[in-house]
Amino acid sequence: MSSVPGLATGAIPSPNIWHHTATYEVENHAFDPDGLVESAMLEVLGAADLSGRTVLDLGCGTGFHLPRFAATASSVVGVEPHPGLLRLARRRVAGTPSVDVRHGSAQQVPLPDASVDVVHARWAYFFGPGCEPGLRELSRVVRRGGTAFVLDNDGTTSTFGAWFRRGYPKIRADEVERFWAARGWRRTPIATCWRFTSRADLEAVVRIEFDRATADAILTEHPPSAGLEVDYAVNLWWRTF
Ligand SMILES: C[S@@+](CC[C@H](N)C(=O)[O-])C[C@H]1O[C@@H](n2cnc3c(N)ncnc32)[C@H](O)[C@@H]1O
């Protein structure tokens with residue numbers, strides 16, 4: 001996308017966060033309010049927290065997750081290709097010396113070989129078929145014994161999963177599964193939720209994630225009486241190097 005000056009090579013357009021940054025922040029607050037994703041990551045790592053580890057958040061966006069990682073990790077690096085988001089991420093962690101935010105992409109991670117213990121890539125649609133250069137970069141930067149995590153939607157189950165299937169019919173769950181399994185990644189399914197504090201927030205977030213017709217249909221089928229919580233299935237894909 002040459003229309004974004006300074007975009008790092010290989011960046012995949014991410015209209016939700018690029019064009020609706022404030023609403024995306026609301027979505028981040030609403031998603032997984034009970035921290036099930038973090039618990040699942042720690043279970044895979046066999047650890048109570050991230051102490052002693054260097055964590056890379058790849059495609060960190062505005063850096064929403066960086067302070068949480070920095071609470072226990074020895075150091076944290078956020079990498080983001082979009083210059084505007086990069087600036088916001090740097091602002092978010094200004095004053096936290098253990099966090100560094102760098103311009104780059106999955107295809108060109110600005111880190112030395114074997115320098116990272118844990119990689120977190122959330123909603124990283126830059127991983128998936130065609131993303132082999134990024135996977136090679138993971139093998140390069142992760143230390144032996146380190147673990148990479150990719151969090152993605154599970155369209156096979158849950159209310160959100162049904163919405164996702166309808167909005168993104170070209171994404172086939174069986175193909176995604178085959179892609180990761182063939183490369184030695186494992187899947188931890190997580191049944192989590194979106195939990196909003198207002199109907200206006202729920203509607204705004206649905207509208208940045210789906211096209212107008214799909215969002216209209218979703219919001220008709222999920223009226224205010226359905227409440228502010230939406231059950232939401234995700235897959236945590238992970239591999240130890
Ligand atoms: C949906 S957003 C998720 C942001 C963040 N992970 C979060 O959970 O708040 C996807 C992010 O990936 C970034 N991105 C797009 N292509 C990328 C690539 N090739 N390598 C790394 N990041 C990429 C986008 O700029 C965007 O910030």
# chains A, B, ... in the order shown; residues from 1 in each chain; ligands from 1

$ residues_near_ligand --ligand "ligand 1" --cutoff "8 Å" --atoms "only C-alpha atoms and all ligand atoms" --output "number ranges by chain"
A: 8-14, 16-18, 24-25, 28, 57-65, 79-82, 85, 104-108, 121-127, 134

$ select_by_dssp --residues "region 24-199 of chain A" --states "strand (DSSP E)" --output "ChimeraX atom specification"
/A:54-58,75-80,99-103,116-122,142-153,186-195

$ residues_around --residues "region 39-52 of chain A" --least-positions-apart "2" --cutoff "6 Å" --atoms "only C-alpha atoms" --output "PDB file with all heavy atoms, in the first residue's frame"
ATOM      1  N   LEU A  36      -7.914 -15.224  29.299  1.00  0.00           N
ATOM      2  CA  LEU A  36      -7.735 -16.658  28.990  1.00  0.00           C
ATOM      3  C   LEU A  36      -6.591 -16.889  28.001  1.00  0.00           C
ATOM      4  O   LEU A  36      -5.932 -17.931  28.048  1.00  0.00           O
ATOM      5  CB  LEU A  36      -9.041 -17.238  28.423  1.00  0.00           C
ATOM      6  CG  LEU A  36     -10.275 -17.097  29.319  1.00  0.00           C
ATOM      7  CD1 LEU A  36     -11.474 -17.801  28.699  1.00  0.00           C
ATOM      8  CD2 LEU A  36     -10.005 -17.643  30.717  1.00  0.00           C
ATOM      9  N   VAL A  37      -6.353 -15.916  27.129  1.00  0.00           N
ATOM     10  CA  VAL A  37      -5.269 -16.090  26.140  1.00  0.00           C
ATOM     11  C   VAL A  37      -3.921 -16.096  26.862  1.00  0.00           C
ATOM     12  O   VAL A  37      -3.075 -16.969  26.628  1.00  0.00           O
ATOM     13  CB  VAL A  37      -5.325 -14.984  25.064  1.00  0.00           C
ATOM     14  CG1 VAL A  37      -4.109 -15.065  24.147  1.00  0.00           C
ATOM     15  CG2 VAL A  37      -6.617 -15.092  24.262  1.00  0.00           C
ATOM     16  N   THR A  72       6.045  -8.320  33.630  1.00  0.00           N
ATOM     17  CA  THR A  72       6.880  -9.398  34.196  1.00  0.00           C
ATOM     18  C   THR A  72       8.080  -9.770  33.328  1.00  0.00           C
ATOM     19  O   THR A  72       9.069 -10.281  33.849  1.00  0.00           O
ATOM     20  CB  THR A  72       6.038 -10.681  34.449  1.00  0.00           C
ATOM     21  OG1 THR A  72       5.446 -11.103  33.223  1.00  0.00           O
ATOM     22  CG2 THR A  72       4.956 -10.441  35.492  1.00  0.00           C
ATOM     23  N   ALA A  73       8.033  -9.520  32.017  1.00  0.00           N
ATOM     24  CA  ALA A  73       9.137  -9.945  31.134  1.00  0.00           C
ATOM     25  C   ALA A  73      10.389  -9.129  31.430  1.00  0.00           C
ATOM     26  O   ALA A  73      10.303  -7.992  31.908  1.00  0.00           O
ATOM     27  CB  ALA A  73       8.729  -9.746  29.673  1.00  0.00           C
ATOM     28  N   SER A  74      11.574  -9.687  31.108  1.00  0.00           N
ATOM     29  CA  SER A  74      12.777  -8.874  31.347  1.00  0.00           C
ATOM     30  C   SER A  74      12.928  -7.812  30.277  1.00  0.00           C
ATOM     31  O   SER A  74      13.408  -6.725  30.550  1.00  0.00           O
ATOM     32  CB  SER A  74      14.028  -9.746  31.480  1.00  0.00           C
ATOM     33  OG  SER A  74      14.128 -10.607  30.406  1.00  0.00           O
TER      34      SER A  74
END

$ closest_residue --among "A:Glu209, A:Asp231, A:Ala22, A:Asp216" --to "Gly161 (chain A)" --atoms "only C-alpha atoms"
A:Asp231

$ residues_around --residues "Thr197 (chain A)" --least-positions-apart "5" --cutoff "12 Å" --atoms "only C-alpha atoms" --output "MDAnalysis selection string"
chainID A and resid 26:27 29:31 33 202:203 227:229

$ residues_around --residues "region 169-179 of chain A" --least-positions-apart "2" --cutoff "9 Å" --atoms "only C-alpha atoms" --output "ChimeraX atom specification"
/A:128-129,154-156,164-167,181-183,185,187

$ closest_residue --among "A:Thr21, A:Ala233, A:Gly95, A:Gly78" --to "Cys193 (chain A)" --atoms "only C-alpha atoms"
A:Ala233

$ atom_distance --atom1 "CA of Thr192 (chain A)" --atom2 "CA of Glu137 (chain A)"
29.7 Å

$ select_by_dssp --residues "region 115-227 of chain A" --states "helix (DSSP H, G or I)" --output "number ranges by chain"
A: 132-141, 159-167, 173-182, 199-209, 212-221, 224-226

$ closest_residue --among "A:Leu236, A:Cys131, A:Val4, A:Val77" --to "Val150 (chain A)" --atoms "only C-alpha atoms"
A:Leu236

$ atom_distance --atom1 "CA of Pro224 (chain A)" --atom2 "CA of Asp211 (chain A)"
20.0 Å

$ atom_distance --atom1 "CA of Arg140 (chain A)" --atom2 "CA of Thr96 (chain A)"
26.7 Å
